[in-house]
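Some notes on the structure that comes next.
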Amino acid sequence: MTTISGRRQAAALVGPAVAAVLVVAWLAWSYGRRPAGAAEFIFPYLTARYDVTGGLASLAVLVVALAARLPAAWENRAGLFLEGLVDWLGRHPLAVAAATAPILDILAIDACHGYAVSMDEYAALFQARIFAAGRLVGQWPPALVRGLVNPGHVNYFIVASATTGEVMSCYSPGHALLMAPCAALDAPWACNAVLSAASLPLIASTSRRLFGGRAAGWAVLLTVASPVFMAYGVTFYSMAAHCLLNLAFASLLLAPTPLRALAAGLVGGYALVLHQPFCHAVFGLPWIAWLASRPARLRVLPLLAAGYLAVYVPIGWGWDALEQRTIAADAAVVSTAVTTTEATAAPPATGALPGGLEALLDRGRGALGAFHIPDAWHLWIRLVGLAKLVVWDAPGLLPLACLGAFAARRRPPALLLAASAGLTLVGYVFVIFDQGHGWGYRYFHSAWGCLPILASAALVPGSGLDPWVVRRVGLAALASLVLLVPLRALQIEHFVAGHVAQEPAVDPGLLLGHGTRVLVFVRLGGGFNRFDMVQNDPFLRKGPIRLVGRDFESDEANAAAIAAGLGHEVRLVSRDERGSVWLLMPPTILTREDGD
């Protein structure tokens, strides 16, 4: 039987879930009332379309688990079953991880269609395929470069030189390097499944070291029961890698010996070059400040810094230099007369900075443009992000993590995990972007691993949580694993399938027989986020070749120009409001078929 204290604790778990549902419902209502013809944006669209249903389902699971009255015998059996399950999960996290990875692989194919929906995903996948080919940059025909990628994405997501034809991702290459072995096996979708599964043993071991063996089992259960854990294990986002490396960084610094500090620096340095450095910077700052406050700081901080520099300088700065060189190839193409005039009339400025340093400073100034003092609208967007975090987690996870942090407040590592999570939340308040694509609160996922670890501290004996509430939280987690995770997988599949259907359809037989001779012009106007669909192989080794389309007349002219440049003829295969499909054919084959 629950006590008065237990009822209050149950209410404390339900309150944030109710508030989260109200926030996403309000956004959905506001979004539905926007003026006809108003622009659609992916962040409010995904929230309005899927998170009200998912949030209500999560709230229902939590309320039923906490409010259901079970006979005493059933209650005891449920308690014994959960104790046995949690103990087993805590002892066998590697087995759980080994079972989780192939399940996520299957969902990556079935739910996500093995497709990179957003440009954040595509940029990493694009670069991974370049690395898998043993190259640093891809190569397109220079004359086609501007048609093979949305012009608005050039030098923002993809560096594409119309002068040299060299192409590469604008993002740091760490995640692409991790994905490259899978890309070499033509299974890039398997990368995040492995990275997500690999985080389970780290979550378990950290929980065990801090709070005991039972805590390890609870942390594993809450992790696999969280739909957001599944979501980033089946997509191409870098967030699974960020979460894993940040967990490894924290785990190494639980006992900060000089050797472990060096290893943490190496891990942290790689985390800085995964995608962009802010994700790890806000996570690692509390740990670095803590190390600096310890008496042994002179033994560990230099080694930590050495580890960071050993990875970040060659990869981070080296990549920046390669990117700037590729961009500069286009900027350098100017009139010979203009170049000569400038060289004659403008002598080098005295005291000018070296080119590499000037480029680095330019990038720093550009990065600062992503930050701002938040206004009311951006504060509202971050509140929505927090609500999305709640509705995509295992039921009650966020308030449990807060309770666990309070229960373990006298343990520095627990406070540091809480500080990393809190600083990540606060830090992104000052980021101007709303996250765009992504499931749950994507910007927080780099620190998400802190939540099940801290929550496990609230579920072990001695934490102050009523045993009845602990049992019901366990039942809610099991229900989430069985009901909410599949629901969210179906929602992901629904969205991805609808998105892919916006591309002009290509008959599989045509593609199998003709491959890269199939041209697909994707109409950028109309539809929803079609500008993300102009995606191509970095060496154009696979078809169809997707190009920017605007209207049928321009598609026809561009297709004819491409065919003429190759000495081919072109044939229209199909056209509709989504774009058009064309087939390049050698003149002799085309003539013979026409004669038949």
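Labels for the structure tokens follow display order: chains A, B, ..., residues from 1 in each chain, ligands from 1.
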
Cut-off 7 Å: closest region 110-163 of chain A/region 182-201 of chain A atom pairs per residue, using only C-alpha atoms, as JSON lines:
```
{"residue": "A:Gly114", "atom": "CA", "partner": "A:Trp189", "partner_atom": "CA", "distance": 5.7}
{"residue": "A:Ala128", "atom": "CA", "partner": "A:Ala183", "partner_atom": "CA", "distance": 6.3}
{"residue": "A:Arg129", "atom": "CA", "partner": "A:Ala183", "partner_atom": "CA", "distance": 5.7}
{"residue": "A:Ala132", "atom": "CA", "partner": "A:Ala184", "partner_atom": "CA", "distance": 4.9}
```

Could you write out, as an mmCIF file with N, CA and C atoms, in the first residue's frame, all the residues of region 420-585 of chain A that DSSP marks as helix (DSSP H, G or I)?
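Below you can see states29.cif, which holds the result:
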```cif
data_model
loop_
_atom_site.group_PDB
_atom_site.id
_atom_site.type_symbol
_atom_site.label_atom_id
_atom_site.label_comp_id
_atom_site.auth_asym_id
_atom_site.auth_seq_id
_atom_site.Cartn_x
_atom_site.Cartn_y
_atom_site.Cartn_z
ATOM 1 N N SER A 420 26.656 19.022 -15.584
ATOM 2 C CA SER A 420 26.822 18.885 -17.041
ATOM 3 C C SER A 420 25.473 18.934 -17.744
ATOM 4 N N ALA A 421 24.487 18.210 -17.182
ATOM 5 C CA ALA A 421 23.148 18.238 -17.776
ATOM 6 C C ALA A 421 22.543 19.635 -17.679
ATOM 7 N N GLY A 422 22.677 20.263 -16.510
ATOM 8 C CA GLY A 422 22.106 21.591 -16.331
ATOM 9 C C GLY A 422 22.769 22.634 -17.201
ATOM 10 N N LEU A 423 24.098 22.577 -17.325
ATOM 11 C CA LEU A 423 24.793 23.565 -18.144
ATOM 12 C C LEU A 423 24.473 23.384 -19.621
ATOM 13 N N THR A 424 24.241 22.142 -20.042
ATOM 14 C CA THR A 424 23.819 21.908 -21.421
ATOM 15 C C THR A 424 22.459 22.546 -21.685
ATOM 16 N N LEU A 425 21.530 22.366 -20.743
ATOM 17 C CA LEU A 425 20.222 23.014 -20.891
ATOM 18 C C LEU A 425 20.356 24.531 -20.941
ATOM 19 N N VAL A 426 21.122 25.088 -20.025
ATOM 20 C CA VAL A 426 21.265 26.540 -19.956
ATOM 21 C C VAL A 426 22.050 27.072 -21.155
ATOM 22 N N GLY A 427 23.105 26.371 -21.526
ATOM 23 C CA GLY A 427 23.942 26.843 -22.624
ATOM 24 C C GLY A 427 23.170 27.006 -23.923
ATOM 25 N N TYR A 428 22.281 26.064 -24.212
ATOM 26 C CA TYR A 428 21.552 26.131 -25.470
ATOM 27 C C TYR A 428 20.436 27.172 -25.455
ATOM 28 N N VAL A 429 20.142 27.741 -24.294
ATOM 29 C CA VAL A 429 19.212 28.877 -24.265
ATOM 30 C C VAL A 429 19.770 30.033 -25.085
ATOM 31 N N PHE A 430 21.091 30.129 -25.158
ATOM 32 C CA PHE A 430 21.737 31.241 -25.848
ATOM 33 C C PHE A 430 22.083 30.915 -27.302
ATOM 34 N N ARG A 442 16.851 17.430 -29.309
ATOM 35 C CA ARG A 442 18.111 16.973 -29.902
ATOM 36 C C ARG A 442 19.313 17.661 -29.288
ATOM 37 N N TYR A 443 19.202 18.950 -28.997
ATOM 38 C CA TYR A 443 20.353 19.678 -28.486
ATOM 39 C C TYR A 443 20.788 19.178 -27.111
ATOM 40 N N PHE A 444 19.907 18.545 -26.387
ATOM 41 C CA PHE A 444 20.277 18.067 -25.049
ATOM 42 C C PHE A 444 20.868 16.665 -25.079
ATOM 43 N N HIS A 445 20.731 15.960 -26.173
ATOM 44 C CA HIS A 445 21.048 14.529 -26.144
ATOM 45 C C HIS A 445 22.516 14.246 -25.860
ATOM 46 N N SER A 446 23.402 15.194 -26.087
ATOM 47 C CA SER A 446 24.810 14.970 -25.760
ATOM 48 C C SER A 446 25.006 14.740 -24.264
ATOM 49 N N ALA A 447 24.095 15.267 -23.439
ATOM 50 C CA ALA A 447 24.166 15.076 -21.983
ATOM 51 C C ALA A 447 23.074 14.143 -21.473
ATOM 52 N N CYS A 450 23.321 11.372 -18.628
ATOM 53 C CA CYS A 450 23.316 11.716 -17.192
ATOM 54 C C CYS A 450 21.982 11.364 -16.540
ATOM 55 N N LEU A 451 20.885 11.429 -17.286
ATOM 56 C CA LEU A 451 19.563 11.281 -16.683
ATOM 57 C C LEU A 451 19.323 9.887 -16.107
ATOM 58 N N PRO A 452 19.507 8.789 -16.864
ATOM 59 C CA PRO A 452 19.272 7.476 -16.244
ATOM 60 C C PRO A 452 20.238 7.172 -15.102
ATOM 61 N N ILE A 453 21.466 7.696 -15.181
ATOM 62 C CA ILE A 453 22.414 7.476 -14.086
ATOM 63 C C ILE A 453 21.917 8.149 -12.815
ATOM 64 N N LEU A 454 21.528 9.412 -12.923
ATOM 65 C CA LEU A 454 21.036 10.135 -11.750
ATOM 66 C C LEU A 454 19.709 9.563 -11.273
ATOM 67 N N ALA A 455 18.846 9.180 -12.196
ATOM 68 C CA ALA A 455 17.559 8.603 -11.801
ATOM 69 C C ALA A 455 17.743 7.317 -11.019
ATOM 70 N N SER A 456 18.779 6.556 -11.363
ATOM 71 C CA SER A 456 19.004 5.294 -10.652
ATOM 72 C C SER A 456 19.293 5.530 -9.175
ATOM 73 N N ALA A 457 19.869 6.695 -8.849
ATOM 74 C CA ALA A 457 20.148 7.014 -7.442
ATOM 75 C C ALA A 457 18.866 7.188 -6.653
ATOM 76 N N ALA A 458 17.779 7.574 -7.327
ATOM 77 C CA ALA A 458 16.505 7.755 -6.638
ATOM 78 C C ALA A 458 15.754 6.452 -6.446
ATOM 79 N N LEU A 459 16.172 5.386 -7.135
ATOM 80 C CA LEU A 459 15.407 4.137 -7.122
ATOM 81 C C LEU A 459 16.039 3.052 -6.253
ATOM 82 N N PRO A 467 8.935 2.615 -1.599
ATOM 83 C CA PRO A 467 9.103 1.369 -2.357
ATOM 84 C C PRO A 467 7.953 1.107 -3.325
ATOM 85 N N TRP A 468 6.737 1.508 -2.941
ATOM 86 C CA TRP A 468 5.596 1.335 -3.843
ATOM 87 C C TRP A 468 5.788 2.177 -5.102
ATOM 88 N N VAL A 469 6.273 3.405 -4.962
ATOM 89 C CA VAL A 469 6.522 4.262 -6.115
ATOM 90 C C VAL A 469 7.627 3.666 -6.984
ATOM 91 N N VAL A 470 8.650 3.109 -6.356
ATOM 92 C CA VAL A 470 9.736 2.482 -7.110
ATOM 93 C C VAL A 470 9.200 1.351 -7.978
ATOM 94 N N ARG A 471 8.335 0.502 -7.393
ATOM 95 C CA ARG A 471 7.762 -0.594 -8.168
ATOM 96 C C ARG A 471 6.948 -0.071 -9.339
ATOM 97 N N ARG A 472 6.146 0.952 -9.100
ATOM 98 C CA ARG A 472 5.291 1.469 -10.164
ATOM 99 C C ARG A 472 6.101 2.164 -11.255
ATOM 100 N N VAL A 473 7.191 2.790 -10.894
ATOM 101 C CA VAL A 473 8.087 3.362 -11.909
ATOM 102 C C VAL A 473 8.656 2.253 -12.782
ATOM 103 N N GLY A 474 9.008 1.136 -12.154
ATOM 104 C CA GLY A 474 9.502 0.006 -12.926
ATOM 105 C C GLY A 474 8.462 -0.530 -13.888
ATOM 106 N N LEU A 475 7.212 -0.627 -13.439
ATOM 107 C CA LEU A 475 6.149 -1.087 -14.321
ATOM 108 C C LEU A 475 5.928 -0.100 -15.471
ATOM 109 N N ALA A 476 6.001 1.198 -15.166
ATOM 110 C CA ALA A 476 5.856 2.203 -16.224
ATOM 111 C C ALA A 476 6.981 2.083 -17.248
ATOM 112 N N ALA A 477 8.202 1.799 -16.781
ATOM 113 C CA ALA A 477 9.327 1.642 -17.708
ATOM 114 C C ALA A 477 9.116 0.438 -18.614
ATOM 115 N N LEU A 478 8.629 -0.663 -18.059
ATOM 116 C CA LEU A 478 8.355 -1.842 -18.878
ATOM 117 C C LEU A 478 7.265 -1.551 -19.901
ATOM 118 N N ALA A 479 6.208 -0.835 -19.463
ATOM 119 C CA ALA A 479 5.143 -0.476 -20.393
ATOM 120 C C ALA A 479 5.666 0.442 -21.491
ATOM 121 N N SER A 480 6.580 1.344 -21.140
ATOM 122 C CA SER A 480 7.172 2.222 -22.142
ATOM 123 C C SER A 480 7.962 1.422 -23.167
ATOM 124 N N LEU A 481 8.719 0.438 -22.700
ATOM 125 C CA LEU A 481 9.502 -0.401 -23.607
ATOM 126 C C LEU A 481 8.607 -1.159 -24.574
ATOM 127 N N VAL A 482 7.470 -1.625 -24.086
ATOM 128 C CA VAL A 482 6.573 -2.446 -24.898
ATOM 129 C C VAL A 482 5.646 -1.596 -25.765
ATOM 130 N N LEU A 483 5.244 -0.420 -25.276
ATOM 131 C CA LEU A 483 4.233 0.380 -25.962
ATOM 132 C C LEU A 483 4.781 1.670 -26.573
ATOM 133 N N LEU A 484 5.507 2.457 -25.783
ATOM 134 C CA LEU A 484 5.898 3.784 -26.246
ATOM 135 C C LEU A 484 7.043 3.741 -27.250
ATOM 136 N N VAL A 485 8.008 2.855 -27.046
ATOM 137 C CA VAL A 485 9.110 2.763 -28.007
ATOM 138 C C VAL A 485 8.590 2.342 -29.381
ATOM 139 N N PRO A 486 7.739 1.297 -29.485
ATOM 140 C CA PRO A 486 7.172 0.979 -30.808
ATOM 141 C C PRO A 486 6.319 2.112 -31.390
ATOM 142 N N LEU A 487 5.547 2.801 -30.531
ATOM 143 C CA LEU A 487 4.748 3.925 -31.029
ATOM 144 C C LEU A 487 5.640 4.982 -31.669
ATOM 145 N N ARG A 488 6.717 5.342 -30.999
ATOM 146 C CA ARG A 488 7.607 6.356 -31.547
ATOM 147 C C ARG A 488 8.306 5.857 -32.817
ATOM 148 N N ALA A 489 8.634 4.578 -32.874
ATOM 149 C CA ALA A 489 9.229 4.027 -34.094
ATOM 150 C C ALA A 489 8.247 4.133 -35.262
ATOM 151 N N LEU A 490 6.963 3.878 -34.998
ATOM 152 C CA LEU A 490 5.951 4.013 -36.041
ATOM 153 C C LEU A 490 5.810 5.466 -36.480
ATOM 154 N N GLN A 491 5.898 6.396 -35.535
ATOM 155 C CA GLN A 491 5.821 7.808 -35.893
ATOM 156 C C GLN A 491 7.006 8.223 -36.758
ATOM 157 N N ILE A 492 8.188 7.750 -36.415
ATOM 158 C CA ILE A 492 9.373 8.053 -37.225
ATOM 159 C C ILE A 492 9.201 7.506 -38.632
ATOM 160 N N GLU A 493 8.716 6.265 -38.723
ATOM 161 C CA GLU A 493 8.510 5.657 -40.040
ATOM 162 C C GLU A 493 7.476 6.430 -40.849
ATOM 163 N N HIS A 494 6.422 6.873 -40.186
ATOM 164 C CA HIS A 494 5.373 7.631 -40.873
ATOM 165 C C HIS A 494 5.942 8.919 -41.462
ATOM 166 N N PHE A 495 6.746 9.614 -40.681
ATOM 167 C CA PHE A 495 7.315 10.868 -41.170
ATOM 168 C C PHE A 495 8.306 10.629 -42.298
ATOM 169 N N VAL A 496 9.224 9.673 -42.121
ATOM 170 C CA VAL A 496 10.255 9.434 -43.130
ATOM 171 C C VAL A 496 9.621 8.957 -44.438
ATOM 172 N N ALA A 497 8.635 8.052 -44.346
ATOM 173 C CA ALA A 497 7.978 7.559 -45.559
ATOM 174 C C ALA A 497 7.284 8.697 -46.299
ATOM 175 N N GLY A 498 6.610 9.585 -45.559
ATOM 176 C CA GLY A 498 5.964 10.721 -46.200
ATOM 177 C C GLY A 498 6.954 11.682 -46.820
ATOM 178 N N HIS A 499 8.089 11.849 -46.161
ATOM 179 C CA HIS A 499 9.118 12.747 -46.701
ATOM 180 C C HIS A 499 9.705 12.177 -47.986
ATOM 181 N N VAL A 500 10.049 10.910 -47.973
ATOM 182 C CA VAL A 500 10.651 10.277 -49.150
ATOM 183 C C VAL A 500 9.679 10.298 -50.332
ATOM 184 N N PRO A 508 12.179 0.915 -59.863
ATOM 185 C CA PRO A 508 13.390 0.193 -59.461
ATOM 186 C C PRO A 508 14.079 -0.508 -60.615
ATOM 187 N N GLY A 509 13.284 -1.038 -61.550
ATOM 188 C CA GLY A 509 13.885 -1.708 -62.698
ATOM 189 C C GLY A 509 14.686 -0.756 -63.563
ATOM 190 N N LEU A 510 14.170 0.454 -63.739
ATOM 191 C CA LEU A 510 14.900 1.460 -64.507
ATOM 192 C C LEU A 510 16.211 1.802 -63.820
ATOM 193 N N LEU A 511 16.159 1.956 -62.508
ATOM 194 C CA LEU A 511 17.361 2.297 -61.757
ATOM 195 C C LEU A 511 18.370 1.157 -61.792
ATOM 196 N N LEU A 512 17.876 -0.073 -61.697
ATOM 197 C CA LEU A 512 18.772 -1.228 -61.724
ATOM 198 C C LEU A 512 19.477 -1.347 -63.068
ATOM 199 N N GLY A 513 18.769 -1.028 -64.136
ATOM 200 C CA GLY A 513 19.356 -1.188 -65.463
ATOM 201 C C GLY A 513 20.208 -0.032 -65.915
ATOM 202 N N HIS A 514 19.937 1.174 -65.394
ATOM 203 C CA HIS A 514 20.608 2.352 -65.932
ATOM 204 C C HIS A 514 21.380 3.163 -64.896
ATOM 205 N N GLY A 515 21.107 2.976 -63.605
ATOM 206 C CA GLY A 515 21.916 3.573 -62.540
ATOM 207 C C GLY A 515 22.090 5.065 -62.658
ATOM 208 N N THR A 516 23.345 5.495 -62.854
ATOM 209 C CA THR A 516 23.654 6.923 -62.842
ATOM 210 C C THR A 516 23.211 7.646 -64.109
ATOM 211 N N ARG A 517 22.619 6.955 -65.066
ATOM 212 C CA ARG A 517 22.063 7.636 -66.233
ATOM 213 C C ARG A 517 20.644 8.124 -65.987
ATOM 214 N N ARG A 530 11.570 19.944 -49.182
ATOM 215 C CA ARG A 530 12.119 19.234 -50.338
ATOM 216 C C ARG A 530 13.555 19.642 -50.619
ATOM 217 N N PHE A 531 13.939 20.830 -50.153
ATOM 218 C CA PHE A 531 15.309 21.288 -50.416
ATOM 219 C C PHE A 531 16.341 20.404 -49.732
ATOM 220 N N ASP A 532 15.917 19.561 -48.771
ATOM 221 C CA ASP A 532 16.835 18.607 -48.149
ATOM 222 C C ASP A 532 16.975 17.321 -48.957
ATOM 223 N N PHE A 552 9.266 22.571 -65.174
ATOM 224 C CA PHE A 552 9.544 21.571 -66.194
ATOM 225 C C PHE A 552 10.435 22.116 -67.299
ATOM 226 N N GLU A 553 10.215 23.357 -67.684
ATOM 227 C CA GLU A 553 11.019 23.925 -68.774
ATOM 228 C C GLU A 553 12.502 23.973 -68.407
ATOM 229 N N SER A 554 12.813 24.400 -67.181
ATOM 230 C CA SER A 554 14.217 24.445 -66.779
ATOM 231 C C SER A 554 14.772 23.035 -66.610
ATOM 232 N N ASP A 555 13.950 22.100 -66.118
ATOM 233 C CA ASP A 555 14.400 20.708 -66.025
ATOM 234 C C ASP A 555 14.774 20.181 -67.405
ATOM 235 N N GLU A 556 13.922 20.447 -68.384
ATOM 236 C CA GLU A 556 14.162 19.959 -69.741
ATOM 237 C C GLU A 556 15.437 20.551 -70.318
ATOM 238 N N ALA A 557 15.621 21.851 -70.110
ATOM 239 C CA ALA A 557 16.823 22.504 -70.639
ATOM 240 C C ALA A 557 18.071 21.972 -69.952
ATOM 241 N N ASN A 558 18.034 21.794 -68.646
ATOM 242 C CA ASN A 558 19.207 21.308 -67.922
ATOM 243 C C ASN A 558 19.515 19.861 -68.280
ATOM 244 N N ALA A 559 18.481 19.046 -68.414
ATOM 245 C CA ALA A 559 18.700 17.648 -68.799
ATOM 246 C C ALA A 559 19.330 17.580 -70.189
ATOM 247 N N ALA A 560 18.849 18.410 -71.120
ATOM 248 C CA ALA A 560 19.409 18.425 -72.473
ATOM 249 C C ALA A 560 20.856 18.882 -72.463
ATOM 250 N N ALA A 561 21.173 19.866 -71.629
ATOM 251 C CA ALA A 561 22.551 20.354 -71.552
ATOM 252 C C ALA A 561 23.489 19.291 -71.003
ATOM 253 N N ILE A 562 23.029 18.583 -69.967
ATOM 254 C CA ILE A 562 23.852 17.502 -69.408
ATOM 255 C C ILE A 562 24.081 16.423 -70.457
ATOM 256 N N ALA A 563 23.021 16.043 -71.176
ATOM 257 C CA ALA A 563 23.148 15.014 -72.207
ATOM 258 C C ALA A 563 24.096 15.460 -73.313
ATOM 259 N N ALA A 564 23.986 16.706 -73.727
ATOM 260 C CA ALA A 564 24.864 17.204 -74.801
ATOM 261 C C ALA A 564 26.321 17.176 -74.361
ATOM 262 N N GLY A 565 26.568 17.522 -73.096
ATOM 263 C CA GLY A 565 27.936 17.505 -72.598
ATOM 264 C C GLY A 565 28.535 16.117 -72.568
ATOM 265 N N LEU A 566 27.693 15.091 -72.472
ATOM 266 C CA LEU A 566 28.170 13.709 -72.442
ATOM 267 C C LEU A 566 28.082 13.034 -73.805
#
```

CA of Asp466 (chain A) and CA of Gly6 (chain A), how far apart in Å?
->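 Those two atoms sit 5.2 Å apart.
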
Quick one: of A:Leu210, A:Ala124, A:Leu322, A:Leu253, who's nearest to Leu274 (chain A), counting only C-alpha atoms?
->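 Using only C-alpha atoms, Leu274 (chain A) sits closest to A:Ala124.
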
Name the residues of region 5-204 of chain A that fall into strand (DSSP E or B) according to DSSP on the backbone, using the chain letters and numbers of this document, as a list in words.
-> Gly138, Gln139, Val154, Ile158, Val159, Ala160, Glu166, Val167, Met168 and Ser169 of chain A

CA of Trp582 (chain A) to CA of Gly525 (chain A), distance in Å rounded to a single decimal =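 Between these atoms lies a distance of 19.2 Å.
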
All residues 8 Å or closer to region 388-402 of chain A, only C-alpha atoms, same chain fewer than 3 positions away omitted, as a tab-separated table (two decimals) with N, CA and C atoms, in the first residue's frame:
```tsv
chain	number	residue	atom	x	y	z
A	12	ALA	N	4.60	14.22	-7.76
A	12	ALA	CA	5.79	14.93	-8.23
A	12	ALA	C	6.30	14.35	-9.55
A	13	LEU	N	6.07	13.06	-9.78
A	13	LEU	CA	6.48	12.44	-11.04
A	13	LEU	C	5.51	12.78	-12.16
A	14	VAL	N	4.23	12.86	-11.82
A	14	VAL	CA	3.21	13.10	-12.84
A	14	VAL	C	3.19	14.57	-13.27
A	16	PRO	N	5.45	17.03	-13.99
A	16	PRO	CA	6.18	17.44	-15.19
A	16	PRO	C	5.62	16.85	-16.48
A	17	ALA	N	5.10	15.63	-16.42
A	17	ALA	CA	4.51	15.02	-17.61
A	17	ALA	C	3.27	15.78	-18.05
A	20	ALA	N	4.41	19.08	-19.57
A	20	ALA	CA	5.00	18.87	-20.89
A	20	ALA	C	3.93	18.69	-21.95
A	21	VAL	N	2.90	17.91	-21.62
A	21	VAL	CA	1.81	17.69	-22.58
A	21	VAL	C	1.08	19.00	-22.85
A	24	VAL	N	3.35	21.15	-25.31
A	24	VAL	CA	3.34	20.72	-26.72
A	24	VAL	C	1.94	20.86	-27.31
A	47	THR	N	6.75	18.72	-33.65
A	47	THR	CA	6.17	18.78	-32.31
A	47	THR	C	4.67	18.68	-32.36
A	51	ASP	N	4.15	14.93	-31.14
A	51	ASP	CA	4.46	14.92	-29.71
A	51	ASP	C	3.24	15.05	-28.81
A	54	GLY	N	2.27	11.32	-28.66
A	54	GLY	CA	3.28	10.61	-27.88
A	54	GLY	C	3.29	11.04	-26.43
A	55	GLY	N	3.10	12.35	-26.18
A	55	GLY	CA	3.08	12.85	-24.81
A	55	GLY	C	1.88	12.34	-24.03
A	58	SER	N	2.54	8.73	-23.16
A	58	SER	CA	3.50	8.62	-22.05
A	58	SER	C	2.85	8.98	-20.72
A	59	LEU	N	2.05	10.05	-20.73
A	59	LEU	CA	1.35	10.45	-19.50
A	59	LEU	C	0.39	9.36	-19.05
A	61	VAL	N	0.57	6.14	-19.60
A	61	VAL	CA	1.32	5.01	-19.04
A	61	VAL	C	1.73	5.30	-17.61
A	62	LEU	N	2.22	6.51	-17.36
A	62	LEU	CA	2.68	6.86	-16.02
A	62	LEU	C	1.51	6.91	-15.03
A	222	LEU	N	15.83	2.10	-17.56
A	222	LEU	CA	15.31	3.40	-17.94
A	222	LEU	C	15.86	3.88	-19.28
A	223	THR	N	17.07	3.45	-19.61
A	223	THR	CA	17.66	3.84	-20.90
A	223	THR	C	16.94	3.18	-22.05
A	225	ALA	N	14.11	1.88	-22.11
A	225	ALA	CA	12.68	2.19	-22.10
A	225	ALA	C	12.39	3.60	-22.59
A	226	SER	N	13.41	4.37	-22.91
A	226	SER	CA	13.23	5.74	-23.38
A	226	SER	C	13.19	5.78	-24.90
A	227	PRO	N	12.07	6.22	-25.49
A	227	PRO	CA	12.00	6.28	-26.95
A	227	PRO	C	13.10	7.10	-27.60
A	228	VAL	N	13.59	8.15	-26.92
A	228	VAL	CA	14.61	8.98	-27.52
A	228	VAL	C	15.92	8.22	-27.69
A	384	VAL	N	9.64	24.52	-24.98
A	384	VAL	CA	9.11	23.43	-25.79
A	384	VAL	C	10.12	22.30	-25.89
A	385	GLY	N	11.42	22.65	-26.05
A	385	GLY	CA	12.46	21.62	-26.09
A	385	GLY	C	12.49	20.81	-24.81
A	405	ALA	N	19.64	13.35	-8.13
A	405	ALA	CA	20.71	14.31	-7.92
A	405	ALA	C	20.63	14.90	-6.51
A	406	PHE	N	19.42	15.15	-6.03
A	406	PHE	CA	19.27	15.66	-4.67
A	406	PHE	C	19.68	14.62	-3.63
A	439	TRP	N	14.42	14.33	-33.04
A	439	TRP	CA	13.40	13.73	-32.19
A	439	TRP	C	13.71	14.05	-30.74
A	440	GLY	N	12.67	14.36	-29.95
A	440	GLY	CA	12.92	14.81	-28.59
A	440	GLY	C	13.65	16.14	-28.62
A	441	TYR	N	14.43	16.39	-27.60
A	441	TYR	CA	15.22	17.63	-27.54
A	441	TYR	C	16.63	17.29	-28.00
A	451	LEU	N	20.89	11.43	-17.29
A	451	LEU	CA	19.56	11.28	-16.68
A	451	LEU	C	19.32	9.89	-16.11
A	452	PRO	N	19.51	8.79	-16.86
A	452	PRO	CA	19.27	7.48	-16.24
A	452	PRO	C	20.24	7.17	-15.10
A	453	ILE	N	21.47	7.70	-15.18
A	453	ILE	CA	22.41	7.48	-14.09
A	453	ILE	C	21.92	8.15	-12.82
A	454	LEU	N	21.53	9.41	-12.92
A	454	LEU	CA	21.04	10.14	-11.75
A	454	LEU	C	19.71	9.56	-11.27
A	455	ALA	N	18.85	9.18	-12.20
A	455	ALA	CA	17.56	8.60	-11.80
A	455	ALA	C	17.74	7.32	-11.02
A	456	SER	N	18.78	6.56	-11.36
A	456	SER	CA	19.00	5.29	-10.65
A	456	SER	C	19.29	5.53	-9.18
A	457	ALA	N	19.87	6.69	-8.85
A	457	ALA	CA	20.15	7.01	-7.44
A	457	ALA	C	18.87	7.19	-6.65
A	458	ALA	N	17.78	7.57	-7.33
A	458	ALA	CA	16.51	7.75	-6.64
A	458	ALA	C	15.75	6.45	-6.45
A	473	VAL	N	7.19	2.79	-10.89
A	473	VAL	CA	8.09	3.36	-11.91
A	473	VAL	C	8.66	2.25	-12.78
A	476	ALA	N	6.00	1.20	-15.17
A	476	ALA	CA	5.86	2.20	-16.22
A	476	ALA	C	6.98	2.08	-17.25
A	477	ALA	N	8.20	1.80	-16.78
A	477	ALA	CA	9.33	1.64	-17.71
A	477	ALA	C	9.12	0.44	-18.61
A	480	SER	N	6.58	1.34	-21.14
A	480	SER	CA	7.17	2.22	-22.14
A	480	SER	C	7.96	1.42	-23.17
```

Excluding Asp434 (chain A) and its own-chain neighbours fewer than 6 positions away, which residues fall within 8 Å of it when counting only C-alpha atoms? Please give them as a PDB file with C-alpha atoms, in the first residue's frame.
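Final output, out_17.pdb:
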```pdb
ATOM      1  CA  PHE A  43      10.564  22.042 -35.451  1.00  0.00           C
ATOM      2  CA  HIS A 378      13.474  31.778 -27.979  1.00  0.00           C
ATOM      3  CA  ILE A 381      11.215  27.457 -27.918  1.00  0.00           C
ATOM      4  CA  ARG A 382      13.568  26.181 -25.204  1.00  0.00           C
TER       5      ARG A 382
END
```

Could you give me, as JSON lines, a per-residue list for region 480-559 of chain A showing, wherever an atom lies at most 12 Å from an atom of region 157-169 of chain A, the closest pair of atoms and their distance in Å to one decimal, using only C-alpha atoms and sorting by chain then residue number from low to high?
```
{"residue": "A:Asp532", "atom": "CA", "partner": "A:Phe157", "partner_atom": "CA", "distance": 10.5}
{"residue": "A:Val534", "atom": "CA", "partner": "A:Ile158", "partner_atom": "CA", "distance": 11.6}
{"residue": "A:Gln535", "atom": "CA", "partner": "A:Ile158", "partner_atom": "CA", "distance": 10.5}
{"residue": "A:Asn536", "atom": "CA", "partner": "A:Val167", "partner_atom": "CA", "distance": 11.0}
{"residue": "A:Asp537", "atom": "CA", "partner": "A:Val167", "partner_atom": "CA", "distance": 10.4}
{"residue": "A:Pro538", "atom": "CA", "partner": "A:Val167", "partner_atom": "CA", "distance": 6.9}
{"residue": "A:Phe539", "atom": "CA", "partner": "A:Val167", "partner_atom": "CA", "distance": 9.1}
{"residue": "A:Leu540", "atom": "CA", "partner": "A:Val167", "partner_atom": "CA", "distance": 11.4}
```
